[in-house]
Amino acid sequence: LQNVRINPSSIAFGMWKDIPVPFYLSVYFFDVLNSKEVLQGAKPMVNQRGPYVYREFRYKTNITFHDNDTVSFLEYRKLFFQPDLSNGSEDDYIVLPNILLMGAAVMMENLPNFLKLLLSGALAGLKQEAFMNRTVGEIMWGYEDPLIDTINMIVPGLIPFKGKFGLFVELNSSDSGLFTVNTGMKNISRVHMIDTWNGLKKVNYWRSSGCNMINGTAGEMWPPFMSPTSLEFYSPDACRSMTLVYQQSGQYRGVPTYRFVAPKTLFANGTDYPPNEGFCPCMQSGIQNVSTCRFNAPMFISHPHFYNADPVLVNAVEGLHPSEQEHALFLDVHPMTGIPMNCSIKLQLNLYIKQVSGIIQTGKIKPVVLPLLWFAESGYIEGSVLKQFYTNLVLIPSLLDYLQYIFLGLSVLLIISAAVLM
């Protein structure tokens with residue numbers, strides 16, 4: 001108990017402060033093979049490219065302890081491309097929907113026609129098309145696009161950012177918000193549980209109080225003595241708390257673990273799973289609308305390849321092959337300490353595209369939720385950390401357990417000997 005609290009004198013504190021576990025971000029892109037045909041109403045055909053693998057380093061700063069048994073911190077991530085682990089380079093070209101154009105088109109669908117015609121004319125002048133051919137590095141880390149200034153000029157505030165546009169541009173060397181969590185000094189069952197995030201007890205992205213709640217931990221560790229039921233964590237990337245459910249007991253390199261996985265209801269719509277109604281407006285089950293926390297852009301998250309989703313989503317795009325082995329996420333946690341031993345969190349980012357009247361660049365595109373990319377954040381304990389874990393949490397307890405039976409047996413022999421001598 002002393003060593004799993006968030007306390008500078010505990011064994012787990014160093015691991016919590018500067019995570020020694022190697023993390024990797026593996027990114028897979030969906031290269032659109034028939035973009036010209038899609039503009040004429042054809043079903044999109046995609047080819048998965050990658051993985052493009054990045055070594056991820058995490059560290060905490062601004063660590064501040066408070067009188068109410070909590071501690072605040074900012075956690076930063078730095079990513080470094082790993083050519084030797086990747087299937088391709090950051091110079092590879094990928095054909096994707098023009099995310100700015102297609103997103104803005106859907107966002108402007110209900111605005112006056114003259115604004116849409118104005119945008120359409122500006123797009124023609126800028127030679128902007130519905131699909132773009134850009135490098136992995138540009139898509140990940142940003143590229144200059146005059147379309148940003150044009151959209152902001154025509155519809156101020158539609159996309160509230162300037163400069164480069166990239167899907168991961170805000171991830172590298174940035175923090176995930178100010179977390180304030182319980183230290184467990186007074187109540188060990190609350191250790192790592194979130195008190196506030198950015199000063200909030202709940203967010204305001206969703207339509208119900210339950211969906212807005214900030215529950216669980218920050219996703220790094222959990223309270224000790226876990227039961228085989230479920231665990232929760234708050235994900236700033238998904239703008240919500242997520243609940244994983246117990247699947248099975250097992251071992252990771254000799255250390256006992258509980259495996260937790262995503263339930264089929266995680267991204268279900270409100271019709272199939274009423275508690276998720278607060279995340280709506282919904283489409284088919286298996287995708288979650290995150291437009292409210294992504295500048296109102298028509299973005300959706302899901303499991304990779306629409307695993308565990310309505311088959312309609314898979315059948316609308318050629319080239320998807322969902323499988324549990326490849327696309328299910330999991331967490332293997334040591335139940336006694338609440339420390340993850342092995343994990344792989346997988347999510348897919350999707351864009352809803354369609355023909356928008358008045359914007360000629362959208363052609364005759366049929367409405368479809370088109371996958372852009374999916375990524376896996378993976379980490380596992382190894383080396384000296386694993387050896388320390390095994391020694392302190394498996395070997396020594398087993399030895400003590402063995403010794404207690406030896407001492408019990410010796411005690412019985414002594415009692416018998418004493419009785420005989422009497």
# chains A, B, ... in the order shown; residues from 1 in each chain; ligands from 1
$ closest_atom_pairs --of "segment 296-346 of chain A" --to "segment 267-282 of chain A" --cutoff "10 Å" --atoms "only C-alpha atoms" --output "Markdown table"
| residue | atom | partner | partner_atom | distance |
| --- | --- | --- | --- | --- |
| A:Phe300 | CA | A:Cys282 | CA | 9.8 |
| A:Ile301 | CA | A:Phe267 | CA | 8.2 |
| A:Ser302 | CA | A:Phe267 | CA | 6.7 |
| A:His303 | CA | A:Phe267 | CA | 8.4 |
| A:Asn308 | CA | A:Phe267 | CA | 8.7 |
| A:Ala309 | CA | A:Ala268 | CA | 7.7 |
| A:Asp310 | CA | A:Ala268 | CA | 9.0 |
$ write_last_selection --atoms "C-alpha atoms" --output "PDB file, in the first residue's frame"
ATOM      1  CA  PHE A 300     -16.309  10.201 -35.934  1.00  0.00           C
ATOM      2  CA  ILE A 301     -14.219   7.777 -33.903  1.00  0.00           C
ATOM      3  CA  SER A 302     -14.546   4.002 -33.960  1.00  0.00           C
ATOM      4  CA  HIS A 303     -12.607   0.794 -33.613  1.00  0.00           C
ATOM      5  CA  ASN A 308     -17.782  -4.218 -33.655  1.00  0.00           C
ATOM      6  CA  ALA A 309     -19.755  -1.754 -35.801  1.00  0.00           C
ATOM      7  CA  ASP A 310     -22.890  -2.024 -37.931  1.00  0.00           C
TER       8      ASP A 310
END
$ residues_around --residues "Gly319 of chain A" --least-positions-apart "3" --cutoff "12 Å" --atoms "only C-alpha atoms" --output "compact mmCIF listing (two decimals) with N, CA and C atoms, in the first residue's frame"
# COMPACT_ATOMS: atom_id res chain seq x y z
N PHE A 30 -5.58 5.06 -44.67
CA PHE A 30 -6.42 4.44 -45.68
C PHE A 30 -6.27 5.24 -46.98
N ASP A 31 -5.44 4.73 -47.88
CA ASP A 31 -5.17 5.37 -49.17
C ASP A 31 -6.37 5.12 -50.09
N VAL A 32 -7.00 6.20 -50.58
CA VAL A 32 -8.17 6.07 -51.46
C VAL A 32 -7.68 5.77 -52.87
N LEU A 33 -8.12 4.65 -53.43
CA LEU A 33 -7.62 4.18 -54.73
C LEU A 33 -8.42 4.70 -55.91
N ASN A 34 -9.66 5.13 -55.68
CA ASN A 34 -10.53 5.52 -56.79
C ASN A 34 -11.21 6.86 -56.53
N LYS A 43 -18.53 3.62 -54.90
CA LYS A 43 -18.14 3.21 -53.56
C LYS A 43 -16.63 3.42 -53.39
N PRO A 44 -16.19 4.04 -52.28
CA PRO A 44 -14.75 4.23 -52.07
C PRO A 44 -14.02 2.89 -51.93
N MET A 45 -12.84 2.82 -52.54
CA MET A 45 -11.95 1.68 -52.38
C MET A 45 -10.69 2.17 -51.67
N VAL A 46 -10.31 1.52 -50.59
CA VAL A 46 -9.15 1.97 -49.82
C VAL A 46 -8.15 0.85 -49.66
N ASN A 47 -6.91 1.26 -49.47
CA ASN A 47 -5.82 0.32 -49.20
C ASN A 47 -5.08 0.78 -47.95
N GLN A 48 -4.98 -0.09 -46.95
CA GLN A 48 -4.29 0.28 -45.72
C GLN A 48 -2.80 0.40 -45.96
N ARG A 49 -2.21 1.52 -45.50
CA ARG A 49 -0.77 1.77 -45.62
C ARG A 49 -0.17 1.92 -44.24
N HIS A 305 -11.14 -0.38 -38.73
CA HIS A 305 -11.85 -1.15 -39.76
C HIS A 305 -13.33 -1.35 -39.38
N PHE A 306 -13.86 -0.48 -38.53
CA PHE A 306 -15.24 -0.57 -38.05
C PHE A 306 -15.52 -1.90 -37.36
N LEU A 313 -21.57 0.01 -42.28
CA LEU A 313 -20.39 0.87 -42.36
C LEU A 313 -19.25 0.17 -43.10
N VAL A 314 -19.05 -1.10 -42.80
CA VAL A 314 -17.97 -1.87 -43.45
C VAL A 314 -18.27 -2.06 -44.93
N ASN A 315 -19.53 -2.35 -45.24
CA ASN A 315 -19.91 -2.64 -46.63
C ASN A 315 -19.91 -1.40 -47.51
N ALA A 316 -19.93 -0.22 -46.91
CA ALA A 316 -19.96 1.02 -47.69
C ALA A 316 -18.60 1.40 -48.23
N PRO A 322 -12.34 -6.05 -40.75
CA PRO A 322 -12.29 -6.02 -39.29
C PRO A 322 -12.05 -7.39 -38.69
N LEU A 370 -16.08 7.80 -44.12
CA LEU A 370 -14.86 7.29 -44.74
C LEU A 370 -13.72 7.27 -43.73
N PRO A 371 -13.12 6.11 -43.50
CA PRO A 371 -11.98 6.05 -42.57
C PRO A 371 -10.77 6.78 -43.13
$ residues_around --residues "Asp195 of chain A" --least-positions-apart "6" --cutoff "7 Å" --atoms "only C-alpha atoms" --output "number ranges by chain"
A: 180-182, 201
$ write_last_selection --atoms "N, CA, C and O atoms" --output "short mmCIF file (atom, residue, chain, number, x, y, z; two decimals), in the first residue's frame"
data_model
loop_
_atom_site.label_atom_id
_atom_site.label_comp_id
_atom_site.auth_asym_id
_atom_site.auth_seq_id
_atom_site.Cartn_x
_atom_site.Cartn_y
_atom_site.Cartn_z
N THR A 180 -5.91 16.64 -12.11
CA THR A 180 -5.78 16.62 -10.66
C THR A 180 -6.34 15.30 -10.18
O THR A 180 -7.53 15.00 -10.40
N VAL A 181 -5.49 14.46 -9.57
CA VAL A 181 -5.90 13.11 -9.19
C VAL A 181 -5.63 12.88 -7.71
O VAL A 181 -4.85 13.60 -7.08
N ASN A 182 -6.26 11.86 -7.16
CA ASN A 182 -6.08 11.50 -5.76
C ASN A 182 -4.74 10.79 -5.56
O ASN A 182 -4.34 9.95 -6.38
N LYS A 201 -15.18 19.12 -13.19
CA LYS A 201 -15.68 17.82 -12.73
C LYS A 201 -16.37 17.08 -13.87
O LYS A 201 -16.51 15.87 -13.84
#
$ residues_around --residues "His334 of chain A" --least-positions-apart "5" --cutoff "8 Å" --atoms "only C-alpha atoms" --output "JSON, numbers by chain"
{"A": [255, 256, 257, 258, 339, 340, 341]}
$ atom_distance --atom1 "atom CA of Glu324 of chain A" --atom2 "atom CA of Pro263 of chain A"
12.1 Å
$ select_by_dssp --residues "segment 134-382 of chain A" --states "helix (DSSP H, G or I)" --output "JSON, numbers by chain"
{"A": [136, 137, 138, 139, 140, 141, 146, 147, 148, 149, 150, 151, 152, 153, 154, 188, 189, 190, 209, 210, 211, 212, 274, 275, 276, 277, 278, 279, 291, 292, 293, 304, 305, 306, 311, 312, 313, 314, 315, 324, 325, 326, 327, 360, 361, 362]}
$ closest_residue --among "A:Met242, A:Val203, A:Leu79, A:Leu118" --to "Ile359 of chain A" --atoms "only C-alpha atoms"
A:Leu118
$ closest_atom_pairs --of "segment 302-392 of chain A" --to "segment 90-107 of chain A" --cutoff "9 Å" --atoms "only C-alpha atoms" --output "tab-separated table"
residue	atom	partner	partner_atom	distance
A:Leu351	CA	A:Gly103	CA	7.5
A:Tyr352	CA	A:Gly103	CA	7.7
A:Ile353	CA	A:Met102	CA	6.2
A:Lys354	CA	A:Val106	CA	7.3
A:Gln355	CA	A:Val106	CA	8.3
A:Val356	CA	A:Ala105	CA	6.4
A:Ile359	CA	A:Ala105	CA	7.1
A:Gln361	CA	A:Leu101	CA	8.6
A:Thr362	CA	A:Met102	CA	7.2
A:Leu370	CA	A:Pro97	CA	8.5
A:Leu372	CA	A:Leu96	CA	6.8
$ write_last_selection --atoms "N, CA and C atoms" --output "PDB file, in the first residue's frame"
ATOM      1  N   LEU A 351     -14.141  10.519 -41.384  1.00  0.00           N
ATOM      2  CA  LEU A 351     -14.736  11.771 -41.842  1.00  0.00           C
ATOM      3  C   LEU A 351     -16.010  11.458 -42.625  1.00  0.00           C
ATOM      4  N   TYR A 352     -17.083  12.140 -42.264  1.00  0.00           N
ATOM      5  CA  TYR A 352     -18.342  11.985 -42.989  1.00  0.00           C
ATOM      6  C   TYR A 352     -18.303  12.900 -44.208  1.00  0.00           C
ATOM      7  N   ILE A 353     -18.407  12.319 -45.410  1.00  0.00           N
ATOM      8  CA  ILE A 353     -18.363  13.116 -46.646  1.00  0.00           C
ATOM      9  C   ILE A 353     -19.638  12.885 -47.440  1.00  0.00           C
ATOM     10  N   LYS A 354     -20.007  13.871 -48.230  1.00  0.00           N
ATOM     11  CA  LYS A 354     -21.216  13.776 -49.039  1.00  0.00           C
ATOM     12  C   LYS A 354     -21.231  14.906 -50.056  1.00  0.00           C
ATOM     13  N   GLN A 355     -22.118  14.804 -51.057  1.00  0.00           N
ATOM     14  CA  GLN A 355     -22.339  15.893 -51.990  1.00  0.00           C
ATOM     15  C   GLN A 355     -23.088  17.011 -51.265  1.00  0.00           C
ATOM     16  N   VAL A 356     -22.599  18.235 -51.405  1.00  0.00           N
ATOM     17  CA  VAL A 356     -23.246  19.396 -50.798  1.00  0.00           C
ATOM     18  C   VAL A 356     -23.662  20.339 -51.917  1.00  0.00           C
ATOM     19  N   ILE A 359     -21.687  23.516 -53.724  1.00  0.00           N
ATOM     20  CA  ILE A 359     -20.224  23.409 -53.681  1.00  0.00           C
ATOM     21  C   ILE A 359     -19.831  22.346 -54.690  1.00  0.00           C
ATOM     22  N   GLN A 361     -17.144  21.223 -55.868  1.00  0.00           N
ATOM     23  CA  GLN A 361     -16.002  20.322 -55.631  1.00  0.00           C
ATOM     24  C   GLN A 361     -16.435  18.999 -54.997  1.00  0.00           C
ATOM     25  N   THR A 362     -17.629  18.957 -54.394  1.00  0.00           N
ATOM     26  CA  THR A 362     -18.083  17.715 -53.755  1.00  0.00           C
ATOM     27  C   THR A 362     -18.713  16.753 -54.759  1.00  0.00           C
ATOM     28  N   LEU A 370     -16.083   7.801 -44.118  1.00  0.00           N
ATOM     29  CA  LEU A 370     -14.861   7.290 -44.740  1.00  0.00           C
ATOM     30  C   LEU A 370     -13.721   7.273 -43.732  1.00  0.00           C
ATOM     31  N   LEU A 372     -10.124   7.579 -42.285  1.00  0.00           N
ATOM     32  CA  LEU A 372      -8.915   8.292 -42.672  1.00  0.00           C
ATOM     33  C   LEU A 372      -7.675   7.534 -42.231  1.00  0.00           C
TER      34      LEU A 372
END
$ closest_residue --among "A:Gly157, A:Pro228, A:Pro236, A:Gly88" --to "Phe179 of chain A" --atoms "only C-alpha atoms"
A:Pro236
$ select_by_dssp --residues "segment 169-278 of chain A" --states "strand (DSSP E)" --output "ChimeraX atom specification"
/A:174-182,194-197,230-235,240-252,255-261
$ residues_around --residues "Tyr380 of chain A" --least-positions-apart "2" --cutoff "7 Å" --atoms "only C-alpha atoms" --output "MDAnalysis selection string"
chainID A and resid 21:22 341:343 382
$ residues_around --residues "Thr64 of chain A" --least-positions-apart "6" --cutoff "10 Å" --atoms "only C-alpha atoms" --output "ChimeraX atom specification"
/A:70-74,180
$ write_last_selection --atoms "all heavy atoms" --output "mmCIF file, in the first residue's frame"
data_model
loop_
_atom_site.group_PDB
_atom_site.id
_atom_site.type_symbol
_atom_site.label_atom_id
_atom_site.label_comp_id
_atom_site.auth_asym_id
_atom_site.auth_seq_id
_atom_site.Cartn_x
_atom_site.Cartn_y
_atom_site.Cartn_z
ATOM 1 N N THR A 70 -4.778 15.395 -3.055
ATOM 2 C CA THR A 70 -4.716 15.342 -4.520
ATOM 3 C C THR A 70 -3.390 15.913 -5.013
ATOM 4 O O THR A 70 -2.678 16.590 -4.269
ATOM 5 C CB THR A 70 -5.870 16.127 -5.177
ATOM 6 O OG1 THR A 70 -5.747 17.517 -4.849
ATOM 7 C CG2 THR A 70 -7.233 15.605 -4.731
ATOM 8 N N VAL A 71 -3.086 15.648 -6.271
ATOM 9 C CA VAL A 71 -1.889 16.186 -6.904
ATOM 10 C C VAL A 71 -2.253 16.578 -8.338
ATOM 11 O O VAL A 71 -2.989 15.860 -9.022
ATOM 12 C CB VAL A 71 -0.730 15.165 -6.892
ATOM 13 C CG1 VAL A 71 -1.112 13.875 -7.607
ATOM 14 C CG2 VAL A 71 0.523 15.770 -7.514
ATOM 15 N N SER A 72 -1.767 17.736 -8.788
ATOM 16 C CA SER A 72 -2.012 18.203 -10.156
ATOM 17 C C SER A 72 -0.741 18.033 -10.985
ATOM 18 O O SER A 72 0.370 18.100 -10.456
ATOM 19 C CB SER A 72 -2.435 19.676 -10.158
ATOM 20 O OG SER A 72 -3.621 19.864 -9.426
ATOM 21 N N PHE A 73 -0.932 17.844 -12.295
ATOM 22 C CA PHE A 73 0.226 17.695 -13.174
ATOM 23 C C PHE A 73 -0.187 17.918 -14.621
ATOM 24 O O PHE A 73 -1.364 17.809 -14.993
ATOM 25 C CB PHE A 73 0.844 16.300 -13.034
ATOM 26 C CG PHE A 73 -0.081 15.170 -13.407
ATOM 27 C CD1 PHE A 73 -0.149 14.693 -14.722
ATOM 28 C CD2 PHE A 73 -0.891 14.575 -12.452
ATOM 29 C CE1 PHE A 73 -0.997 13.660 -15.064
ATOM 30 C CE2 PHE A 73 -1.764 13.544 -12.786
ATOM 31 C CZ PHE A 73 -1.816 13.080 -14.089
ATOM 32 N N LEU A 74 0.802 18.243 -15.430
ATOM 33 C CA LEU A 74 0.676 18.257 -16.879
ATOM 34 C C LEU A 74 1.537 17.134 -17.422
ATOM 35 O O LEU A 74 2.678 16.952 -16.975
ATOM 36 C CB LEU A 74 1.143 19.594 -17.470
ATOM 37 C CG LEU A 74 0.322 20.840 -17.129
ATOM 38 C CD1 LEU A 74 1.039 22.089 -17.629
ATOM 39 C CD2 LEU A 74 -1.077 20.754 -17.742
ATOM 40 N N THR A 180 -5.913 16.636 -12.112
ATOM 41 C CA THR A 180 -5.778 16.621 -10.659
ATOM 42 C C THR A 180 -6.344 15.295 -10.182
ATOM 43 O O THR A 180 -7.532 15.004 -10.401
ATOM 44 C CB THR A 180 -6.536 17.793 -10.006
ATOM 45 O OG1 THR A 180 -6.029 19.030 -10.524
ATOM 46 C CG2 THR A 180 -6.350 17.775 -8.494
#
$ atom_distance --atom1 "atom CA of Gly363 of chain A" --atom2 "atom CA of Leu39 of chain A"
5.1 Å
$ closest_residue --among "A:Met108, A:Phe80, A:Lys116, A:Leu347" --to "Trp141 of chain A" --atoms "only C-alpha atoms"
A:Phe80
$ closest_residue --among "A:Leu200, A:Ile151, A:Leu320, A:Leu25" --to "Phe168 of chain A" --atoms "only C-alpha atoms"
A:Leu25
$ atom_distance --atom1 "atom CA of Asn212 of chain A" --atom2 "atom CA of Asp332 of chain A"
26.6 Å
$ residues_around --residues "Glu377 of chain A" --least-positions-apart "4" --cutoff "7 Å" --atoms "only C-alpha atoms" --output "list of chain:residue names"
A:Phe23, A:Tyr24, A:Leu25, A:Ser26, A:Ser344, A:Ile345, A:Lys346
$ write_last_selection --atoms "N, CA and C atoms" --output "PDB file, in the first residue's frame"
ATOM      1  N   PHE A  23       6.643   3.289 -25.018  1.00  0.00           N
ATOM      2  CA  PHE A  23       5.374   3.439 -25.724  1.00  0.00           C
ATOM      3  C   PHE A  23       5.646   3.664 -27.206  1.00  0.00           C
ATOM      4  N   TYR A  24       4.767   3.112 -28.030  1.00  0.00           N
ATOM      5  CA  TYR A  24       4.881   3.293 -29.471  1.00  0.00           C
ATOM      6  C   TYR A  24       3.520   3.679 -30.044  1.00  0.00           C
ATOM      7  N   LEU A  25       3.541   4.635 -30.936  1.00  0.00           N
ATOM      8  CA  LEU A  25       2.342   5.028 -31.676  1.00  0.00           C
ATOM      9  C   LEU A  25       2.487   4.511 -33.095  1.00  0.00           C
ATOM     10  N   SER A  26       1.615   3.597 -33.482  1.00  0.00           N
ATOM     11  CA  SER A  26       1.628   3.026 -34.836  1.00  0.00           C
ATOM     12  C   SER A  26       0.422   3.557 -35.594  1.00  0.00           C
ATOM     13  N   SER A 344      -2.628  -2.045 -25.506  1.00  0.00           N
ATOM     14  CA  SER A 344      -2.697  -1.564 -26.888  1.00  0.00           C
ATOM     15  C   SER A 344      -4.063  -0.909 -27.076  1.00  0.00           C
ATOM     16  N   ILE A 345      -4.065   0.419 -27.098  1.00  0.00           N
ATOM     17  CA  ILE A 345      -5.293   1.186 -27.265  1.00  0.00           C
ATOM     18  C   ILE A 345      -5.408   1.593 -28.735  1.00  0.00           C
ATOM     19  N   LYS A 346      -6.480   1.158 -29.390  1.00  0.00           N
ATOM     20  CA  LYS A 346      -6.628   1.364 -30.830  1.00  0.00           C
ATOM     21  C   LYS A 346      -7.904   2.149 -31.125  1.00  0.00           C
TER      22      LYS A 346
END
